[in-house]
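Trainee: Sharing a structure, written as structure tokens. Questions coming.
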Amino acid sequence: MTIETIGQTARHEASGVADPYAVLSRLEAPCYVVEGSDGIVLTNEVPGPSARILTVAAPLPPNRLGSSDFRTAHRVGYAYMSGAMAGGIASADLVIAMARAGCLGSFGAAGLSVDRVDAALTRFAAEIPGLPYCVNLIHSPQEPAMETALVELLLRRGVDCVEASAFMDLTPALVRYRVAGLTRGPDGRTRIGNRVIAKVSRAEVAARFLHPAPEPILAQLLSSGVISSEQAELAATVPMADDITVEADSGGHTDRRPLSVILPAIAAQRDAVQAQRRYPGRVRVGAAGGLGTPAAVAAAFALGAEYVVTGSVNQSCAESGTSDAARKLLRAAQVSDCEMAPASDMFELGVDVQVLKRGTMFAMRAKHLYSLYRGYDGIDALPDAERTKLEQQILRRPVEDVWADVVAHFQARDPAQVERATGDAKRAMALIFRWYLGLASRWASSGEADRVADYQIWCGPSMGAFNEWAAGTYLEHDRRAGDVARQLLQGAAYGARINQLALLGVGLPAHLRHYRPVAPIIAEVV
């Protein structure tokens with residue numbers, strides 16, 4: 001049935017019939033489609049005997065979206081997570097806001113010193129005691145010492161959940177974190193103390209997290225004394241991850257794969273491994289990448305996602321650890337304003353990240369640096385014109401001064417980096433170029449006024465989609481992470497209700513098919 005007359009507010013107000021948009025928006029109540037003396041109308045109340053019920057859509061409040069297991073395991077009210085953004089862009093303020101909104105927030109520890117991460121953990125203990133959060137553990141193939149140091153901090157501070165990202169293979173540090181939290185319960189079953197949410201975009205990487213920890217790494221950890229023999233034994237009974245986030249076209253590290261393809265594929269892979277291993281608890285599969293509107297979030301849940309993870313949209317919120325200048329660029333972004341550029345942390349491997357191209361020249365300049373790295377054996381091998389362009393337009397400093405900064409940085413952070421570059425001109429060139437790539441994200445997050453053209457802002461197309469959806473509403477200028485999360489969930493549940501009615505044969509006019517954020521759902525928490 002197509003109901004084109006529903007939604008004519010003046011007509012319904014005159015007849016005393018409820019506004020159909022208000023009826024549809026009461027997601028905690030059923031929505032009856034009723035035929036009576038006023039024609040076909042929508043109502044949340046059980047109709048009287050004179051009316052004929054044509055169909056009914058069941059209640060669908062936002063806290064029913066996704067997996068109840070996810071909500072229970074992570075002690076959250078909603079199957080919603082804000083993903084980590086490196087360099088503290090996913091800030092302590094953002095994580096705290098998400099926890100208070102009933103969602104899970106991941107602190108962007110990548111690229112931060114251990115002391116800065118420790119300070120954030122102290123804030124969490126003081127400001128959100130008992131509320132959930134997690135910390136990002138990023139694969140650092142060029143700086144394994146930093147990965148190890150972070151894991152040691154997390155274990156020492158009792159952090160019970162990490163978001164593992166950018167891993168191409170399992171590392172001793174990650175396995176140590178997982179296995180160090182395993183104990184045997186009174187019933188003999190393995191208890192998992194340290195939860196891992198793995199972000200992946202490839203089946204071969206998902207497989208590593210769906211299976212138990214590799215025996216060679218366990219043997220290495222056991223021989224070094226950082227895990228017990230019982231923990232090594234228990235490790236064979238559990239997968240490496242509790243949750244696998246399937247990452248589609250996201251900001252930062254991404255393969256830009258379509259969610260509609262990879263989510264069902266990895267969910268099926270999970271089911272096959274579960275049938276083989278018969279774990280007591282099934283690994284949950286969630287969705288990330290491209291989730292910037294209620295329609296996208298609803299689509300992810302419809303595909304079978306057990307939870308959703310947002311990223312780019314949170315960077316434009318007040319609590320993110322970036323600058324107002326970067327937020328202004330993000331809020332002006334359109335769907336097509338993204339581009340791939342070389343990644344600082346995996347520069348030598350040729351790995352790219354997705355960044356904002358509108359208002360910045362970073363992507364173009366970063367690609368040029370990588371072409372120089374591929375084409376020449378070191379800085380001294382560069383043609384004079386290229387070296388002049390490098391120093392005057394990109395680095396804006398003599399190469400010798402940049403190298404001095406590189407040495408000072410790594411002597412304090414990871415001295416082995418400088419040692420390996422000594423006598424290796426190509427490696428030294430890579431470190432100099434990584435100096436620019438690394439600082440470009442810091443210039444953006446700190447709002448360095450004379451470096452706007454070099455801002456590296458990790459961003460996916462969902463940012464532009466969110467901006468289009470928020471245009472003309474209060475969210476165009478007032479964005480707070482907890483409220484954005486709740487609005488996206490509310491809109492996703494509304495959209496799911498519309499789709500449910502469509503499957504029941506109820507066609508609604510266009511102005512009723514879209515959720516409108518008219519006022520904040522949750523106020524700012526001071």
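Chain lettering (A, B, ...) mirrors the order of the structure tokens, residue numbering begins at 1 for each chain separately, and ligand numbering begins at 1 in order of display.
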Enumerate, as a list in words, the complete set of residues in region 105-171 of chain A that a backbone-based DSSP assignment places in helix (DSSP H, G or I).
Mentor: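 Of region 105-171 of chain A, only Val114, Asp115, Arg116, Val117, Asp118, Ala119, Ala120, Leu121, Thr122, Arg123, Phe124, Ala125, Ala126, Glu127, Pro144, Ala145, Met146, Glu147, Thr148, Ala149, Leu150, Val151, Glu152, Leu153, Leu154, Leu155, Arg156 and Arg157 of chain A fall in helix (DSSP H, G or I).
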Trainee: Produce a file of the selected residues containing C-alpha atoms, as an mmCIF file, in the first residue's frame.
Mentor:
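Output saved as out_28.cif:
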```cif
data_model
loop_
_atom_site.group_PDB
_atom_site.id
_atom_site.type_symbol
_atom_site.label_atom_id
_atom_site.label_comp_id
_atom_site.auth_asym_id
_atom_site.auth_seq_id
_atom_site.Cartn_x
_atom_site.Cartn_y
_atom_site.Cartn_z
ATOM 1 C CA VAL A 114 54.059 6.761 26.888
ATOM 2 C CA ASP A 115 53.861 9.637 29.369
ATOM 3 C CA ARG A 116 51.026 11.290 27.429
ATOM 4 C CA VAL A 117 49.101 8.029 27.274
ATOM 5 C CA ASP A 118 49.675 7.547 30.994
ATOM 6 C CA ALA A 119 48.276 11.018 31.673
ATOM 7 C CA ALA A 120 45.128 10.160 29.699
ATOM 8 C CA LEU A 121 44.667 6.948 31.690
ATOM 9 C CA THR A 122 44.893 8.976 34.886
ATOM 10 C CA ARG A 123 42.123 11.240 33.603
ATOM 11 C CA PHE A 124 39.911 8.266 32.758
ATOM 12 C CA ALA A 125 40.334 6.841 36.248
ATOM 13 C CA ALA A 126 39.390 10.177 37.802
ATOM 14 C CA GLU A 127 36.612 11.379 35.472
ATOM 15 C CA PRO A 144 58.641 -1.924 17.654
ATOM 16 C CA ALA A 145 60.086 -0.558 20.885
ATOM 17 C CA MET A 146 57.241 1.958 21.121
ATOM 18 C CA GLU A 147 54.654 -0.788 20.623
ATOM 19 C CA THR A 148 56.264 -2.808 23.430
ATOM 20 C CA ALA A 149 56.466 0.194 25.759
ATOM 21 C CA LEU A 150 52.777 0.966 25.269
ATOM 22 C CA VAL A 151 51.755 -2.621 26.021
ATOM 23 C CA GLU A 152 53.834 -2.568 29.197
ATOM 24 C CA LEU A 153 52.049 0.613 30.278
ATOM 25 C CA LEU A 154 48.602 -0.801 29.505
ATOM 26 C CA LEU A 155 49.321 -3.968 31.475
ATOM 27 C CA ARG A 156 50.744 -2.004 34.381
ATOM 28 C CA ARG A 157 47.694 0.299 34.499
#
```
Trainee: Name the residues in contact with Met81 (chain A) at a cut-off of 10 Å, using only C-alpha atoms, excluding same-chain residues fewer than 4 positions from it; report them as a PyMOL selection string.
Mentor: chain A and resi 76+95+98-99+102-106+133-134+286-288+307-311+485
Trainee: With only C-alpha atoms as the atoms that count, which of A:Gly482, A:Gly188, A:Gly158, A:Gly289 lies nearest to Ser201 (chain A)?
Mentor: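 Closest candidate: A:Gly289.
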Trainee: Residues of region 5-85 of chain A in strand (DSSP E or B) according to DSSP, as a list in words?
Mentor: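 Filtering region 5-85 of chain A to strand (DSSP E or B) leaves Cys31, Tyr32, Val33, Val34, Glu35, Gly36, Gly39, Ile40, Val41, Leu42, Thr43, Arg52, Ile53, Leu54, Thr55, Val56, Ala57, Tyr80, Met81 and Ser82 of chain A.
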Trainee: With distances taken over only C-alpha atoms, which residue among A:Glu339, A:Asp38, A:Glu215, A:Glu400 lies nearest Leu170 (chain A)?
Mentor: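 For Leu170 (chain A), the nearest of the candidates is A:Glu215.
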Trainee: Grab the CA of Pro342 (chain A) to CA of Asp414 (chain A) distance for me, in Å with one decimal place.
Mentor: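 Between CA of Pro342 (chain A) and CA of Asp414 (chain A) the gap works out to 21.6 Å.
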Trainee: Using only C-alpha atoms, find the one residue out of A:Glu35, A:Asp93, A:Glu348, A:Asp478 that sits nearest to Ser316 (chain A).
Mentor: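 Under the stated criterion, the closest residue is A:Asp478.
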Trainee: Hey, what's within 8 Å of region 357-374 of chain A if we count only C-alpha atoms and toss same-chain stuff fewer than 5 positions away? As a CSV table (one decimal) with N, CA and C atoms, in the first residue's frame, please?
Mentor:
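Result file out15.csv:
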```
chain,number,residue,atom,x,y,z
A,329,LEU,N,38.1,23.2,8.1
A,329,LEU,CA,38.3,22.5,6.8
A,329,LEU,C,37.4,21.2,6.7
A,333,ALA,N,34.2,20.0,4.0
A,333,ALA,CA,34.5,18.9,3.1
A,333,ALA,C,33.2,18.4,2.4
A,337,ASP,N,36.2,15.1,-1.5
A,337,ASP,CA,37.3,15.9,-1.2
A,337,ASP,C,38.4,15.1,-0.4
A,338,CYS,N,38.6,13.8,-0.8
A,338,CYS,CA,39.6,13.0,-0.1
A,338,CYS,C,40.6,12.4,-1.1
A,339,GLU,N,41.8,12.1,-0.7
A,339,GLU,CA,42.8,11.5,-1.6
A,339,GLU,C,43.7,10.7,-0.7
A,340,MET,N,44.4,9.7,-1.4
A,340,MET,CA,45.4,8.8,-0.7
A,340,MET,C,46.8,9.5,-0.8
A,341,ALA,N,47.5,9.3,0.3
A,341,ALA,CA,48.9,9.9,0.4
A,341,ALA,C,49.7,9.0,1.2
A,342,PRO,N,51.1,9.0,1.0
A,342,PRO,CA,52.0,8.1,1.8
A,342,PRO,C,51.8,8.3,3.3
A,347,PHE,N,56.0,4.5,5.7
A,347,PHE,CA,56.4,5.2,4.4
A,347,PHE,C,57.3,4.3,3.5
A,350,GLY,N,55.5,1.7,1.3
A,350,GLY,CA,54.6,2.2,0.3
A,350,GLY,C,53.1,2.2,0.7
A,382,LEU,N,70.0,13.6,-5.0
A,382,LEU,CA,69.0,14.4,-5.7
A,382,LEU,C,69.6,15.5,-6.6
A,394,ILE,N,58.9,22.4,0.7
A,394,ILE,CA,58.3,21.4,1.5
A,394,ILE,C,58.8,21.4,2.9
A,426,LYS,N,69.8,5.9,2.0
A,426,LYS,CA,68.4,5.7,1.6
A,426,LYS,C,67.5,5.7,2.9
A,429,MET,N,67.3,9.2,4.2
A,429,MET,CA,66.3,10.0,3.4
A,429,MET,C,64.9,9.7,3.8
A,430,ALA,N,64.6,8.4,4.1
A,430,ALA,CA,63.2,8.1,4.5
A,430,ALA,C,62.9,8.7,5.9
A,433,PHE,N,62.1,12.4,5.2
A,433,PHE,CA,60.8,12.6,4.7
A,433,PHE,C,59.7,12.3,5.7
A,437,LEU,N,56.2,14.2,7.0
A,437,LEU,CA,54.9,13.5,7.1
A,437,LEU,C,54.4,13.5,8.5
A,440,ALA,N,53.3,17.1,9.6
A,440,ALA,CA,52.2,17.6,8.9
A,440,ALA,C,50.9,17.3,9.7
A,452,VAL,N,49.2,25.8,6.9
A,452,VAL,CA,47.9,25.3,6.4
A,452,VAL,C,48.0,24.5,5.2
A,453,ALA,N,48.9,24.9,4.3
A,453,ALA,CA,49.0,24.1,3.0
A,453,ALA,C,49.6,22.8,3.2
A,454,ASP,N,50.2,22.5,4.4
A,454,ASP,CA,50.8,21.2,4.6
A,454,ASP,C,50.0,20.4,5.6
A,455,TYR,N,48.8,20.8,6.0
A,455,TYR,CA,48.0,20.1,6.9
A,455,TYR,C,47.7,18.7,6.4
A,456,GLN,N,48.1,17.7,7.3
A,456,GLN,CA,47.6,16.3,7.0
A,456,GLN,C,46.5,16.0,7.9
```
